[in-house]
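Single-structure report; data block below.
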Amino acid sequence: MALADFLKQLDEVAVQAAQVFGSAADAEAVEAGRVEFMGAKQGRLKAAQKGMGVLDKAERPAAGKRFNEVKEQIDAAFQAAVERLAAKPPAVRKMTPQFDPTVPGTPLRIGRLHPITQTIEELKDIMGRLGFSVADGPEIEDERHNFEALNIPREHPARDPLDNFYLAAAGHASGVETALLRSQTSTVQIRVMEKTPPPIRIICLGRVYRPDTADATHYPMFHQMEGLLIDTHVTMADLKSVLRLFATSYLGRDVHIRFRPSFFPFTEPSVEVDFHWDGQWIEFGGAGMVDPNVLNAVGYDPEQVIGFAFGLGIERLCMRRHGITDIREFYKNDVRFLHQF
């Protein structure tokens, strides 16, 4: 290697080292430059120093002098980079949020049962303690179970298309039996008695449908609790005792109930059941002894068995419990209202 070539190589190393250290943005870049140019084993200065061994003996003093100058330049560039970074304000490091077990957690919004569902479950519990089991039936009914077996003849005003949700009004008008949304849970009584011999002690809780929006206590869809007890030697006194026990269990011992004579096609005698609420009597259901025609319709012998039935409005019971004055609040889906229960 000629002296001129050796000196040119040293100058290139010096320029490149100045560029690397001058542009180093952090300590890692400075350290990488130090290893590249000043490394004791494989640094570029170390490699250049070994190159002096092939020069003529007369050229070595000049080569050594220039090597020392370049080495000092690179070392000065390295020190300048270290000092520059040391004087630079420390960067704000993004801290990863640390878990602090002492900080209160974010509460979860837990759902809850609708107030009507809560009421239904409580009514099942109360009537279960009185010996009644739960029965269920379809909400889409035929005319036999909704009317005829309940002693409601075809000419009865309760079967008027304007008072029911018929699913085929044209068929009803032409005399063909049609389906409808059940207007009462009494339909379950018929279905149970058709399949079960007495004695029977059941309740049915579910939706019923009537086109009625007269006031804040009526709605086209609402819930009823139907009760039926069939046995021997059953009297109105048994009916009154069951309803009184039910009312005091659900509404409190300060609640009074009364019976008023009434008429229902499927009971005889029949009564309206009222409870005392805010200084006034409020109707919340109908009841009575099962009519012999209903017993005959399901194959029971009215001379051998007798019983009572009652139907109570679940919404009205819930309204009485919580002081609600408008039944429509249950179905607006306003979370602010429902969250109270």
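Please note that chains go A, B, ... in the order of the structure tokens, that every chain numbers its residues from 1, and that ligands are numbered from 1 in the order shown.
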
As an MDAnalysis selection string, please: every residue in region 96-329 of chain A that a backbone DSSP assignment puts in alpha helix (DSSP H). chainID A and resid 115:129 143:146 169:173 186:195 236:251 292:297 314:322

Exercise: Ile74 (chain A) partners within 8 Å, only C-alpha atoms, chain neighbours under 5 positions left out, as a ChimeraX atom specification
/A:14,17-18,37

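In this structure, CA of Gly128 (chain A) sits 21.4 Å away from CA of Arg320 (chain A).
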
Q.
Please determine, counting only C-alpha atoms, which residue among A:His114, A:Arg210, A:Lys240, A:Arg191 has the shortest atom-to-atom distance to Glu329 (chain A).
A.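 Smallest separation from Glu329 (chain A) among the options: A:His114.
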
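CA of Pro115 (chain A) is positioned 25.5 Å from CA of Ala309 (chain A).
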
Item to complete: Could you tell me how far CA of Phe264 (chain A) lies from CA of Gly252 (chain A), in Å and to one decimal?
Response: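 Rounded to one decimal, the two atoms are 28.5 Å apart.
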
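Among the residues of region 142-254 of chain A, backbone DSSP assigns strand (DSSP E) to A:Asp142, A:Ala179, A:Leu180, A:Leu181, A:Ile200, A:Arg201, A:Ile202, A:Ile203, A:Cys204, A:Leu205, A:Gly206, A:Arg207, A:Val208, A:Tyr209, A:Met221, A:Phe222, A:His223, A:Gln224, A:Met225, A:Glu226, A:Gly227, A:Leu228, A:Leu229, A:Ile230, A:Asp231.
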
Dump as CSV the rows for residues of region 173-283 of chain A within 10 Å of region 330-339 of chain A: closest atom pair and distance in Å with one decimal, only C-alpha atoms counted, ordered by chain and rising residue number.
```
residue,atom,partner,partner_atom,distance
A:Tyr219,CA,A:Tyr331,CA,9.6
A:Met221,CA,A:Tyr331,CA,9.7
A:Phe222,CA,A:Tyr331,CA,9.9
```
